[in-house]
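Coordinates from protein03.txt are shown below (compact mmCIF, C-alpha atoms).
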```txt
# COMPACT_ATOMS: atom_id res chain seq x y z
CA MET Z 28 -1.47 -69.34 -12.27
CA ASN Z 29 -4.16 -66.71 -12.95
CA ILE Z 30 -3.07 -63.08 -13.41
CA LEU Z 31 -5.30 -60.00 -13.63
CA PHE Z 32 -3.91 -56.74 -15.03
CA THR Z 33 -5.68 -53.46 -14.20
CA ASN Z 34 -5.35 -49.91 -15.49
CA PHE Z 35 -7.51 -46.88 -14.75
CA HIS Z 36 -6.82 -44.72 -17.82
CA PRO Z 37 -9.66 -43.96 -20.23
CA GLY Z 38 -8.62 -42.85 -23.70
CA ASN Z 39 -5.07 -43.37 -24.90
CA GLY Z 40 -3.29 -43.77 -21.57
CA GLY Z 41 0.18 -43.15 -23.02
CA GLY Z 42 2.94 -45.33 -21.61
CA HIS Z 43 0.49 -47.34 -19.50
CA THR Z 44 -1.14 -48.59 -22.69
CA THR Z 45 2.16 -49.53 -24.34
CA TYR Z 46 3.39 -51.26 -21.19
CA LEU Z 47 0.30 -53.40 -20.67
CA THR Z 48 -0.19 -54.19 -24.35
CA CYS Z 49 3.35 -55.53 -24.52
CA LEU Z 50 3.01 -57.58 -21.32
CA PHE Z 51 -0.43 -58.96 -22.09
CA ARG Z 52 0.19 -59.95 -25.71
CA ASN Z 53 3.55 -61.56 -25.04
CA LEU Z 54 2.49 -63.47 -21.95
CA LYS Z 55 -0.65 -64.73 -23.70
CA LYS Z 56 1.57 -65.92 -26.55
CA VAL Z 57 4.34 -67.69 -24.62
CA LYS Z 58 2.88 -68.79 -21.26
CA GLN Z 59 0.32 -71.45 -20.35
CA ASP Z 60 -1.12 -69.42 -17.48
CA ASN Z 61 -4.40 -67.47 -17.63
CA PHE Z 62 -4.14 -63.72 -18.10
CA PHE Z 63 -7.02 -61.24 -17.76
CA LEU Z 64 -7.37 -57.48 -18.12
CA ALA Z 65 -9.75 -55.03 -16.39
CA VAL Z 66 -9.76 -51.55 -17.96
CA PRO Z 67 -12.28 -48.83 -18.86
CA GLU Z 68 -14.41 -49.62 -21.90
CA SER Z 69 -13.46 -46.22 -23.34
CA SER Z 70 -9.72 -46.93 -23.23
CA LYS Z 71 -7.47 -47.58 -26.21
CA LEU Z 72 -6.12 -50.55 -24.28
CA ASN Z 73 -9.58 -52.09 -24.17
CA ALA Z 74 -10.17 -51.52 -27.87
CA ASP Z 75 -6.75 -52.84 -28.89
CA LEU Z 76 -6.93 -56.06 -26.89
CA LYS Z 77 -10.60 -56.98 -26.84
CA ALA Z 78 -10.60 -57.70 -30.58
CA ASP Z 79 -8.09 -60.53 -30.03
CA PHE Z 80 -8.79 -61.56 -26.44
CA GLY Z 81 -12.44 -60.68 -25.89
CA ASP Z 82 -13.22 -63.24 -23.16
CA SER Z 83 -10.20 -62.13 -21.16
CA VAL Z 84 -10.89 -58.38 -21.22
CA PHE Z 85 -13.36 -56.87 -18.73
CA ASP Z 86 -14.95 -53.41 -18.93
CA VAL Z 87 -14.18 -51.76 -15.58
CA ASP Z 88 -13.91 -48.10 -14.65
CA PHE Z 89 -11.79 -47.08 -11.70
CA PRO Z 90 -13.31 -43.92 -10.17
CA ALA Z 91 -11.31 -42.63 -7.21
CA LYS Z 92 -12.56 -39.18 -6.22
CA PRO Z 93 -14.45 -38.65 -2.93
CA ARG Z 94 -17.59 -37.53 -4.79
CA GLU Z 95 -17.55 -40.84 -6.68
CA VAL Z 96 -17.76 -42.94 -3.53
CA PHE Z 97 -20.84 -44.93 -4.65
CA ALA Z 98 -19.26 -45.67 -8.04
CA VAL Z 99 -16.08 -46.75 -6.27
CA PHE Z 100 -17.91 -49.35 -4.21
CA ARG Z 101 -19.85 -50.61 -7.25
CA ASN Z 102 -16.54 -51.18 -8.98
CA VAL Z 103 -15.01 -52.80 -5.92
CA ARG Z 104 -17.86 -55.32 -6.04
CA ARG Z 105 -17.36 -55.76 -9.81
CA VAL Z 106 -13.60 -56.34 -9.54
CA ALA Z 107 -14.00 -58.65 -6.52
CA GLY Z 108 -16.42 -60.73 -8.59
CA ILE Z 109 -13.87 -61.02 -11.41
CA ILE Z 110 -11.16 -62.04 -8.95
CA LYS Z 111 -13.31 -64.69 -7.28
CA LYS Z 112 -14.79 -66.13 -10.49
CA ASN Z 113 -11.40 -66.48 -12.19
CA GLU Z 114 -9.53 -67.55 -9.05
CA ILE Z 115 -6.96 -64.80 -9.49
CA ASP Z 116 -3.59 -65.39 -7.84
CA VAL Z 117 -1.92 -62.06 -8.66
CA VAL Z 118 -3.39 -58.66 -9.55
CA HIS Z 119 -0.93 -56.35 -11.33
CA VAL Z 120 -2.08 -52.75 -10.80
CA ASN Z 121 -0.71 -49.75 -12.69
CA GLY Z 122 -1.96 -46.60 -10.97
CA ASN Z 123 -3.39 -45.27 -7.73
CA PRO Z 124 -7.11 -45.47 -8.71
CA ASP Z 125 -7.03 -49.16 -9.69
CA HIS Z 126 -4.65 -49.92 -6.82
CA LYS Z 127 -7.15 -48.46 -4.35
CA VAL Z 128 -10.03 -50.49 -5.78
CA VAL Z 129 -8.01 -53.70 -5.64
CA MET Z 130 -6.92 -52.91 -2.07
CA LEU Z 131 -10.57 -52.49 -1.06
CA CYS Z 132 -11.41 -55.82 -2.73
CA LYS Z 133 -8.85 -57.54 -0.57
CA CYS Z 134 -9.86 -55.67 2.55
CA PHE Z 135 -13.66 -56.04 2.31
CA TYR Z 136 -13.94 -59.47 0.67
CA GLN Z 137 -11.01 -61.18 2.41
CA LEU Z 138 -9.68 -62.50 -0.90
CA ASN Z 139 -6.37 -64.33 -0.99
CA PHE Z 140 -4.37 -62.84 -3.86
CA LYS Z 141 -1.11 -60.89 -4.19
CA ILE Z 142 -0.76 -57.34 -5.49
CA VAL Z 143 2.02 -56.20 -7.83
CA ARG Z 144 2.27 -52.47 -8.48
CA THR Z 145 4.12 -50.79 -11.32
CA LYS Z 146 4.77 -47.08 -10.86
CA HIS Z 147 4.75 -45.29 -14.20
CA ASP Z 148 5.49 -41.74 -13.03
CA SER Z 149 8.50 -40.14 -11.36
CA LYS Z 150 6.61 -38.34 -8.60
CA ARG Z 151 7.67 -39.09 -5.04
CA ILE Z 152 5.22 -41.32 -3.15
CA LYS Z 153 3.25 -39.38 -0.55
CA SER Z 154 4.05 -40.18 3.05
CA ASN Z 155 0.58 -39.93 4.63
CA PHE Z 156 -1.16 -42.84 6.35
CA PHE Z 157 -3.24 -43.85 3.33
CA TYR Z 158 -0.30 -44.15 0.97
CA ARG Z 159 1.76 -46.02 3.55
CA LEU Z 160 -1.14 -48.46 3.82
CA LEU Z 161 -1.48 -48.71 0.02
CA TYR Z 162 2.20 -49.33 -0.73
CA ARG Z 163 3.47 -51.11 2.36
CA THR Z 164 0.52 -53.27 3.41
CA TYR Z 165 -1.35 -53.72 0.13
CA THR Z 166 1.61 -54.08 -2.24
CA ASP Z 167 3.38 -57.44 -2.28
CA HIS Z 168 5.88 -56.43 -4.93
CA PHE Z 169 6.72 -52.99 -6.28
CA ILE Z 170 8.09 -52.44 -9.80
CA VAL Z 171 9.74 -49.21 -10.89
CA VAL Z 172 10.87 -48.64 -14.48
CA SER Z 173 13.98 -46.54 -13.80
CA PHE Z 174 16.79 -46.24 -11.27
CA PHE Z 175 15.70 -42.64 -10.71
CA GLN Z 176 12.39 -43.88 -9.29
CA LYS Z 177 14.23 -46.27 -7.00
CA LYS Z 178 16.31 -43.39 -5.60
CA GLU Z 179 13.09 -41.56 -4.77
CA VAL Z 180 11.83 -44.41 -2.53
CA SER Z 181 12.60 -43.59 1.10
CA SER Z 182 10.80 -46.50 2.79
CA SER Z 183 13.12 -49.35 3.79
CA ARG Z 184 10.11 -51.72 3.93
CA LEU Z 185 9.17 -50.87 0.36
CA MET Z 186 12.78 -51.23 -0.83
CA LYS Z 187 12.80 -54.86 0.34
CA LYS Z 188 10.09 -55.74 -2.20
CA LEU Z 189 11.21 -53.45 -5.04
CA SER Z 190 12.51 -54.38 -8.50
CA VAL Z 191 13.81 -52.09 -11.24
CA ILE Z 192 12.58 -53.40 -14.60
CA HIS Z 193 13.13 -51.03 -17.50
CA ASN Z 194 10.41 -50.93 -20.14
CA GLY Z 195 11.04 -53.16 -23.15
CA ILE Z 196 9.98 -52.64 -26.75
CA ASP Z 197 9.55 -54.79 -29.86
CA LEU Z 198 12.87 -54.27 -31.64
CA GLU Z 199 11.66 -55.97 -34.80
CA HIS Z 200 8.63 -53.69 -35.09
CA PHE Z 201 10.67 -50.61 -34.17
CA SER Z 202 13.59 -51.00 -36.55
CA PRO Z 203 15.18 -48.50 -38.94
CA ARG Z 204 13.28 -47.99 -42.18
CA ALA Z 205 13.53 -45.95 -45.36
CA GLU Z 206 12.61 -42.29 -45.10
CA ALA Z 207 8.99 -41.58 -46.05
CA SER Z 208 9.83 -39.10 -48.79
CA LYS Z 209 6.17 -38.68 -49.79
CA LEU Z 210 5.31 -37.58 -46.23
CA LYS Z 211 8.18 -35.08 -46.25
CA CYS Z 212 6.80 -33.61 -49.43
CA GLN Z 213 3.27 -33.45 -48.00
CA LEU Z 214 4.56 -31.58 -44.95
CA GLY Z 215 6.59 -29.14 -47.03
CA ILE Z 216 9.94 -30.26 -45.62
CA GLY Z 217 12.95 -29.46 -47.79
CA SER Z 218 16.17 -31.39 -48.26
CA ASP Z 219 18.14 -28.82 -46.23
CA ASP Z 220 15.74 -28.83 -43.27
CA VAL Z 221 16.73 -30.29 -39.92
CA VAL Z 222 13.72 -32.25 -38.71
CA PHE Z 223 12.96 -32.81 -35.02
CA VAL Z 224 10.22 -35.30 -34.17
CA SER Z 225 8.53 -36.16 -30.89
CA VAL Z 226 6.02 -39.01 -30.51
CA ALA Z 227 5.75 -38.47 -26.74
CA GLY Z 228 2.57 -36.41 -27.07
CA SER Z 229 1.62 -32.78 -27.33
CA SER Z 230 0.98 -32.02 -23.65
CA LEU Z 231 3.12 -29.24 -22.19
CA HIS Z 232 4.52 -31.65 -19.61
CA LYS Z 233 6.44 -33.28 -22.48
CA GLY Z 234 8.44 -30.06 -22.89
CA TRP Z 235 8.19 -29.45 -26.64
CA GLN Z 236 7.65 -25.73 -25.94
CA TYR Z 237 11.28 -25.40 -24.78
CA LEU Z 238 12.58 -26.66 -28.11
CA VAL Z 239 10.32 -24.19 -29.91
CA GLU Z 240 11.65 -21.38 -27.71
CA ALA Z 241 15.26 -22.45 -28.27
CA ALA Z 242 14.79 -22.59 -32.05
CA SER Z 243 13.20 -19.14 -31.99
CA MET Z 244 16.50 -17.76 -30.62
CA LEU Z 245 18.43 -18.78 -33.73
CA ASP Z 246 19.22 -16.29 -36.47
CA ASP Z 247 16.73 -16.18 -39.32
CA ASP Z 248 18.86 -18.15 -41.79
CA ARG Z 249 19.23 -21.10 -39.43
CA LYS Z 250 15.76 -20.89 -37.97
CA CYS Z 251 14.05 -21.19 -41.34
CA ASN Z 252 15.58 -24.66 -41.80
CA ILE Z 253 14.28 -26.03 -38.49
CA LYS Z 254 11.12 -28.16 -38.58
CA ILE Z 255 9.57 -29.47 -35.36
CA ILE Z 256 6.95 -32.22 -35.70
CA ILE Z 257 4.89 -33.15 -32.65
CA ALA Z 258 2.67 -36.23 -32.82
CA GLY Z 259 -0.22 -36.43 -30.36
CA ASN Z 260 -3.65 -34.98 -29.72
CA LEU Z 261 -3.90 -31.50 -31.21
CA PRO Z 262 -3.34 -28.77 -28.60
CA SER Z 263 -5.81 -25.96 -28.03
CA ASP Z 264 -5.62 -22.73 -30.02
CA SER Z 265 -4.60 -20.86 -26.88
CA VAL Z 266 -1.61 -23.19 -26.33
CA VAL Z 267 -0.52 -22.77 -29.95
CA GLU Z 268 -0.87 -18.99 -29.66
CA GLN Z 269 1.10 -18.80 -26.41
CA TYR Z 270 3.96 -21.17 -27.21
CA VAL Z 271 4.26 -21.12 -31.01
CA VAL Z 272 2.73 -18.03 -32.62
CA SER Z 273 4.05 -15.64 -29.97
CA LYS Z 274 7.57 -16.91 -30.76
CA GLY Z 275 7.07 -16.44 -34.50
CA MET Z 276 7.45 -20.19 -35.02
CA GLN Z 277 4.17 -21.06 -36.74
CA ASP Z 278 6.02 -21.93 -39.97
CA ASN Z 279 8.42 -24.24 -38.13
CA VAL Z 280 6.08 -26.30 -35.94
CA ILE Z 281 3.80 -29.04 -37.24
CA PHE Z 282 1.23 -30.62 -34.92
CA TYR Z 283 0.75 -33.96 -36.61
CA GLY Z 284 -2.18 -35.26 -34.56
CA PHE Z 285 -2.63 -38.61 -32.81
CA ILE Z 286 -1.32 -41.65 -34.69
CA ARG Z 287 -1.34 -45.35 -33.80
CA ASP Z 288 1.80 -46.21 -35.76
CA VAL Z 289 4.63 -43.73 -35.24
CA ARG Z 290 7.18 -45.34 -37.54
CA GLU Z 291 6.48 -43.36 -40.70
CA VAL Z 292 6.70 -39.95 -39.07
CA VAL Z 293 9.84 -40.92 -37.15
CA SER Z 294 11.45 -42.06 -40.41
CA ILE Z 295 11.66 -38.46 -41.62
CA ALA Z 296 13.36 -37.21 -38.44
CA ASP Z 297 17.00 -36.24 -38.15
CA LEU Z 298 16.60 -36.54 -34.40
CA GLY Z 299 13.91 -37.13 -31.80
CA PHE Z 300 13.20 -35.30 -28.57
CA VAL Z 301 11.53 -35.79 -25.19
CA LEU Z 302 12.07 -32.71 -23.02
CA SER Z 303 9.83 -33.24 -20.00
CA PRO Z 304 10.43 -30.46 -17.45
CA GLU Z 305 9.31 -32.15 -14.23
CA PHE Z 306 8.06 -35.74 -14.41
CA GLU Z 307 9.16 -38.64 -16.60
CA ALA Z 308 9.77 -42.21 -15.48
CA ILE Z 309 11.67 -43.60 -18.53
CA SER Z 310 9.72 -42.88 -21.80
CA PHE Z 311 8.62 -45.54 -24.25
CA ALA Z 312 8.65 -42.81 -26.92
CA CYS Z 313 12.36 -42.18 -26.44
CA ARG Z 314 13.18 -45.89 -26.65
CA GLU Z 315 11.02 -46.37 -29.75
CA MET Z 316 12.68 -43.47 -31.58
CA MET Z 317 16.15 -44.76 -30.70
CA ALA Z 318 15.21 -48.27 -31.86
CA LEU Z 319 14.11 -46.69 -35.14
CA GLY Z 320 17.65 -45.36 -35.48
CA LYS Z 321 17.22 -41.77 -34.34
CA PRO Z 322 19.41 -39.98 -31.81
CA VAL Z 323 17.22 -38.36 -29.18
CA MET Z 324 17.54 -35.16 -27.18
CA VAL Z 325 16.20 -35.60 -23.64
CA SER Z 326 15.99 -33.44 -20.56
CA ASP Z 327 17.72 -34.48 -17.34
CA CYS Z 328 14.29 -35.18 -15.85
CA GLY Z 329 13.45 -38.39 -13.99
CA GLY Z 330 14.66 -41.53 -15.73
CA LEU Z 331 15.11 -39.99 -19.19
CA PRO Z 332 18.94 -39.82 -18.97
CA GLU Z 333 19.04 -43.59 -18.40
CA ASN Z 334 18.23 -43.99 -22.11
CA ILE Z 335 21.04 -41.82 -23.45
CA ASP Z 336 24.83 -41.75 -23.65
CA ASP Z 337 25.36 -38.02 -24.01
CA LYS Z 338 26.74 -36.97 -27.41
CA VAL Z 339 27.02 -40.63 -28.43
CA ASN Z 340 23.42 -41.58 -29.26
CA GLY Z 341 21.67 -38.39 -28.18
CA TRP Z 342 21.95 -35.36 -25.94
CA ILE Z 343 21.01 -34.62 -22.35
CA VAL Z 344 19.93 -31.04 -21.66
CA GLN Z 345 18.78 -29.19 -18.58
CA ALA Z 346 15.06 -29.63 -17.92
CA GLY Z 347 12.93 -26.57 -18.65
CA ASP Z 348 15.88 -24.58 -20.00
CA ALA Z 349 15.65 -23.37 -23.60
CA HIS Z 350 19.21 -22.01 -23.47
CA SER Z 351 20.55 -25.50 -22.71
CA ILE Z 352 18.70 -26.77 -25.78
CA LYS Z 353 20.05 -23.94 -27.92
CA VAL Z 354 23.60 -25.08 -27.11
CA VAL Z 355 22.75 -28.40 -28.78
CA LEU Z 356 21.15 -26.63 -31.76
CA ASP Z 357 24.28 -24.51 -32.16
CA GLY Z 358 26.42 -27.64 -32.28
CA LEU Z 359 24.31 -29.66 -34.71
CA LYS Z 360 26.22 -28.48 -37.78
CA GLY Z 361 29.33 -30.28 -36.54
CA ALA Z 362 27.53 -33.36 -35.23
CA ASP Z 363 27.82 -36.69 -37.04
CA LEU Z 364 24.11 -37.50 -37.06
CA LYS Z 365 24.59 -40.60 -39.19
CA ARG Z 366 26.98 -42.09 -36.63
CA MET Z 367 24.73 -41.07 -33.74
CA SER Z 368 21.77 -42.69 -35.49
CA SER Z 369 23.65 -45.98 -35.73
CA ASN Z 370 24.66 -45.69 -32.10
CA ALA Z 371 21.04 -45.10 -31.07
CA ARG Z 372 19.94 -48.31 -32.76
CA LEU Z 373 22.86 -50.23 -31.20
CA LYS Z 374 21.92 -48.95 -27.76
CA ALA Z 375 18.30 -49.99 -28.27
CA ALA Z 376 19.24 -53.41 -29.61
CA SER Z 377 21.50 -54.14 -26.64
CA GLU Z 378 19.37 -52.72 -23.82
CA PHE Z 379 15.75 -52.01 -24.81
CA GLY Z 380 14.43 -55.39 -25.98
CA GLU Z 381 11.17 -56.74 -24.58
CA ALA Z 382 12.38 -60.27 -23.78
CA ASP Z 383 14.17 -59.30 -20.56
CA PHE Z 384 11.27 -57.03 -19.56
CA ILE Z 385 8.76 -59.89 -19.97
CA LYS Z 386 10.98 -62.48 -18.28
CA LYS Z 387 11.71 -60.40 -15.17
CA THR Z 388 8.07 -59.37 -14.71
CA TYR Z 389 6.81 -62.93 -15.08
CA GLN Z 390 9.38 -64.12 -12.53
CA ILE Z 391 7.77 -61.83 -9.96
CA TYR Z 392 4.38 -63.46 -10.52
CA LYS Z 393 5.93 -66.89 -10.07
CA LEU Z 394 7.68 -65.79 -6.91
CA LEU Z 395 4.43 -64.54 -5.37
CA SER Z 396 2.06 -67.33 -6.47
```
Would you write the structure of this file as structure tokens?
Amino acid sequence: MNILFTNFHPGNGGGHTTYLTCLFRNLKKVKQDNFFLAVPESSKLNADLKADFGDSVFDVDFPAKPREVFAVFRNVRRVAGIIKKNEIDVVHVNGNPDHKVVMLCKCFYQLNFKIVRTKHDSKRIKSNFFYRLLYRTYTDHFIVVSFFQKKEVSSSRLMKKLSVIHNGIDLEHFSPRAEASKLKCQLGIGSDDVVFVSVAGSSLHKGWQYLVEAASMLDDDRKCNIKIIIAGNLPSDSVVEQYVVSKGMQDNVIFYGFIRDVREVVSIADLGFVLSPEFEAISFACREMMALGKPVMVSDCGGLPENIDDKVNGWIVQAGDAHSIKVVLDGLKGADLKRMSSNARLKAASEFGEADFIKKTYQIYKLLS
């Protein structure tokens, strides 16, 4: 069996990168089949995997805008060539741009392969003719990563070929570790500070600004002991001015920058947070922080609540509502964070492991081939 994975994201790619890295590395390690990857040369995914699997990783962009029509057809020809040369049985696509290119390969070149699609966002699928064609005709199996996404699917035809497979993580890699006391010292964090950490990224759609706003509502004595660390690409000065400085929180918020290994910064957290206001499928970041033994505060957005047992291993708050977050902050003094930390790791160990994730996904390839 020959499997081709595709992903359109240049740069980091967030959860897409984590998802495909986990699948690709594990399947290469444990299965005798042939696995290939087609991704932009500029992507982190390309850089991470080409070093170890160079002959199996192809440099492919996936332009999708109308003005890029000539580039689209060049890439259709490129991908079709990869599929034919390597006798691909299944193409596993991970976004609309690469899905469209693969669909056109099948349509124009009459190639006999199956298409598996994983949906990584929680947005409802559009109902126009093109998307019905893409998902119903040119999708042989549809994977969603949360039950929330499944509830959003209204097509009975699509439901017949749908599987819910939650994202899995490496529980050995993401396991509780000693606090990085040197890092705490470098960041000016005191022993009495309550430290919130997010490794979900610094984009506003991850909702960190609502935690900043909620903390700004606290009285001065409590507020001064709150530290909020956000790992991810540094935001613009205008974003910092609007959402941090204007709230008088510049001494409380630390933008840590992009990091490849999140474990050290998470080790200094009392709790993690992912507070997406509108769209979130499941969140690798949430699962990683819980596996590292940190209770996590999440919004009730998309599939995020599927990670958390409220007030047992984290908290579920109302999306986009700083007052809902403040209620949690007000109750932290009486919370048993040590017990909640243990519960978070137990939850991760019992439900978030990568073995089931790999097994169920591979079974779909076998079913289709």
Report task. Do a neighbour search on His126 of chain Z at 10 Å with only C-alpha atoms, toss out local chain neighbours closer than 2 positions, and write the hits as a PyMOL selection string. Result -> chain Z and resi 33-35+89+91+118-124+128-132+142-145+161-162+165-166
Query raised in the report: Rounded to one decimal in Å, what is the spacing between atom CA of Ser183 of chain Z and atom CA of Gly329 of chain Z?
Result: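 Here the two named atoms are 20.9 Å from each other.
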Query raised in the report: Near Leu189 of chain Z, within 8 Å and counting all atoms listed in the file, which residues show up once chain neighbours fewer than 2 positions away are dropped, as an NGL selection string?
Result: :Z and (168-171 or 185-187 or 191)
Query raised in the report: What's the 6 Å shell around segment 307-322 of chain Z, counting all atoms listed in the file, without same-chain residues fewer than 6 positions away, as a VMD selection string?
Result: chain Z and resid 148 to 149 201 to 203 226 to 227 298 329 to 331 340 to 341 367 to 368 371 to 372 375
Create the file for the chosen residues now, containing C-alpha atoms and written as an mmCIF file, keeping the file's coordinate frame.
```cif
data_model
loop_
_atom_site.group_PDB
_atom_site.id
_atom_site.type_symbol
_atom_site.label_atom_id
_atom_site.label_comp_id
_atom_site.auth_asym_id
_atom_site.auth_seq_id
_atom_site.Cartn_x
_atom_site.Cartn_y
_atom_site.Cartn_z
ATOM 1 C CA ASP Z 148 5.490 -41.740 -13.030
ATOM 2 C CA SER Z 149 8.500 -40.140 -11.360
ATOM 3 C CA PHE Z 201 10.670 -50.610 -34.170
ATOM 4 C CA SER Z 202 13.590 -51.000 -36.550
ATOM 5 C CA PRO Z 203 15.180 -48.500 -38.940
ATOM 6 C CA VAL Z 226 6.020 -39.010 -30.510
ATOM 7 C CA ALA Z 227 5.750 -38.470 -26.740
ATOM 8 C CA LEU Z 298 16.600 -36.540 -34.400
ATOM 9 C CA GLY Z 329 13.450 -38.390 -13.990
ATOM 10 C CA GLY Z 330 14.660 -41.530 -15.730
ATOM 11 C CA LEU Z 331 15.110 -39.990 -19.190
ATOM 12 C CA ASN Z 340 23.420 -41.580 -29.260
ATOM 13 C CA GLY Z 341 21.670 -38.390 -28.180
ATOM 14 C CA MET Z 367 24.730 -41.070 -33.740
ATOM 15 C CA SER Z 368 21.770 -42.690 -35.490
ATOM 16 C CA ALA Z 371 21.040 -45.100 -31.070
ATOM 17 C CA ARG Z 372 19.940 -48.310 -32.760
ATOM 18 C CA ALA Z 375 18.300 -49.990 -28.270
#
```
**Report entry** Selection: 7 Å around Pro90 of chain Z, only C-alpha atoms, excl. self and same-chain fewer than 4 positions, as an NGL selection string
**Finding:** :Z and (95 or 98-99 or 124)
Requested in this report: Work out how far atom CA of Ile152 of chain Z is from atom CA of Tyr237 of chain Z, in Å to one decimal.
Outcome: 27.5 Å
Report, as JSON, the centre and edge lengths in Å (one decimal) of the axis-aligned box enclosing every listed atom of segment 117-120 of chain Z, padded by 8 Å on each side.
```
{"center_x": -2.2, "center_y": -57.4, "center_z": -10.0, "size_x": 18.5, "size_y": 25.3, "size_z": 18.7}
```
Could you produce a table of the residues of segment 69-182 of chain Z lying within 12 Å of segment 286-294 of chain Z, with the nearest pair of atoms per residue and their separation in Å rounded to one decimal, using all atoms listed in the file, ordered by chain and increasing residue number, as JSON lines?
```
{"residue": "Z:Lys71", "atom": "CA", "partner": "Z:Arg287", "partner_atom": "CA", "distance": 10.0}
{"residue": "Z:Leu72", "atom": "CA", "partner": "Z:Arg287", "partner_atom": "CA", "distance": 11.9}
{"residue": "Z:Asp75", "atom": "CA", "partner": "Z:Arg287", "partner_atom": "CA", "distance": 10.5}
```
Query - Protein and nucleic acid residues near (26.2, -46.1, -24.4) (cut-off 9 Å, only C-alpha atoms) as a list of chain:residue names - result: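 The answer, in the requested form, is Z:Asn334, Z:Ile335, Z:Asp336, Z:Asp337, Z:Val339, Z:Asn340, Z:Asn370, Z:Ala371, Z:Leu373, Z:Lys374.
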Pull C-alpha atoms from the residues just selected and write them as a PDB file, in the frame of the given file.
```
ATOM      1  CA  ASN Z 334      18.230 -43.990 -22.110  1.00  0.00           C
ATOM      2  CA  ILE Z 335      21.040 -41.820 -23.450  1.00  0.00           C
ATOM      3  CA  ASP Z 336      24.830 -41.750 -23.650  1.00  0.00           C
ATOM      4  CA  ASP Z 337      25.360 -38.020 -24.010  1.00  0.00           C
ATOM      5  CA  VAL Z 339      27.020 -40.630 -28.430  1.00  0.00           C
ATOM      6  CA  ASN Z 340      23.420 -41.580 -29.260  1.00  0.00           C
ATOM      7  CA  ASN Z 370      24.660 -45.690 -32.100  1.00  0.00           C
ATOM      8  CA  ALA Z 371      21.040 -45.100 -31.070  1.00  0.00           C
ATOM      9  CA  LEU Z 373      22.860 -50.230 -31.200  1.00  0.00           C
ATOM     10  CA  LYS Z 374      21.920 -48.950 -27.760  1.00  0.00           C
TER      11      LYS Z 374
END
```
**Report entry** Point-to-point distance in Å for atom CA of Gly361 of chain Z and atom CA of Gln277 of chain Z
**Finding:**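 Between atom CA of Gln277 of chain Z and atom CA of Gly361 of chain Z the gap is 26.8 Å.
Distances from Z:Lys274, Z:Arg159, Z:Lys146, Z:Arg104 to Lys177 of chain Z were compared using only C-alpha atoms, and the smallest one belongs to Z:Lys146.
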Query raised in the report: Counting all atoms listed in the file, what is within 6 Å of Ile115 of chain Z, bar same-chain residues fewer than 3 positions away, as a list in words?
Result: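 Non-adjacent residues within range: Asn29, Ile30 and Ile110 of chain Z.
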Rebuild segment 129-140 of chain Z to N, CA and C atoms - output it as a PDB file, in the coordinates of the input, please.
```
ATOM      1  N   VAL Z 129      -8.477 -52.342  -5.910  1.00  0.00           N
ATOM      2  CA  VAL Z 129      -8.010 -53.700  -5.640  1.00  0.00           C
ATOM      3  C   VAL Z 129      -7.705 -53.882  -4.149  1.00  0.00           C
ATOM      4  N   MET Z 130      -7.146 -52.869  -3.518  1.00  0.00           N
ATOM      5  CA  MET Z 130      -6.920 -52.910  -2.070  1.00  0.00           C
ATOM      6  C   MET Z 130      -8.231 -53.116  -1.322  1.00  0.00           C
ATOM      7  N   LEU Z 131      -9.266 -52.380  -1.727  1.00  0.00           N
ATOM      8  CA  LEU Z 131     -10.570 -52.490  -1.060  1.00  0.00           C
ATOM      9  C   LEU Z 131     -11.190 -53.867  -1.300  1.00  0.00           C
ATOM     10  N   CYS Z 132     -10.939 -54.448  -2.474  1.00  0.00           N
ATOM     11  CA  CYS Z 132     -11.410 -55.820  -2.730  1.00  0.00           C
ATOM     12  C   CYS Z 132     -10.809 -56.784  -1.711  1.00  0.00           C
ATOM     13  N   LYS Z 133      -9.541 -56.641  -1.493  1.00  0.00           N
ATOM     14  CA  LYS Z 133      -8.850 -57.540  -0.570  1.00  0.00           C
ATOM     15  C   LYS Z 133      -9.289 -57.295   0.861  1.00  0.00           C
ATOM     16  N   CYS Z 134      -9.477 -56.043   1.195  1.00  0.00           N
ATOM     17  CA  CYS Z 134      -9.860 -55.670   2.550  1.00  0.00           C
ATOM     18  C   CYS Z 134     -11.287 -56.103   2.892  1.00  0.00           C
ATOM     19  N   PHE Z 135     -12.247 -55.801   2.017  1.00  0.00           N
ATOM     20  CA  PHE Z 135     -13.660 -56.040   2.310  1.00  0.00           C
ATOM     21  C   PHE Z 135     -14.083 -57.492   2.067  1.00  0.00           C
ATOM     22  N   TYR Z 136     -13.475 -58.136   1.063  1.00  0.00           N
ATOM     23  CA  TYR Z 136     -13.940 -59.470   0.670  1.00  0.00           C
ATOM     24  C   TYR Z 136     -13.011 -60.594   1.154  1.00  0.00           C
ATOM     25  N   GLN Z 137     -11.936 -60.194   1.837  1.00  0.00           N
ATOM     26  CA  GLN Z 137     -11.010 -61.180   2.410  1.00  0.00           C
ATOM     27  C   GLN Z 137     -10.523 -62.184   1.352  1.00  0.00           C
ATOM     28  N   LEU Z 138     -10.143 -61.649   0.195  1.00  0.00           N
ATOM     29  CA  LEU Z 138      -9.680 -62.500  -0.900  1.00  0.00           C
ATOM     30  C   LEU Z 138      -8.179 -62.743  -0.791  1.00  0.00           C
ATOM     31  N   ASN Z 139      -7.763 -63.937  -1.156  1.00  0.00           N
ATOM     32  CA  ASN Z 139      -6.370 -64.330  -0.990  1.00  0.00           C
ATOM     33  C   ASN Z 139      -5.623 -64.232  -2.319  1.00  0.00           C
ATOM     34  N   PHE Z 140      -5.180 -63.035  -2.664  1.00  0.00           N
ATOM     35  CA  PHE Z 140      -4.370 -62.840  -3.860  1.00  0.00           C
ATOM     36  C   PHE Z 140      -3.250 -61.859  -3.526  1.00  0.00           C
TER      37      PHE Z 140
END
```
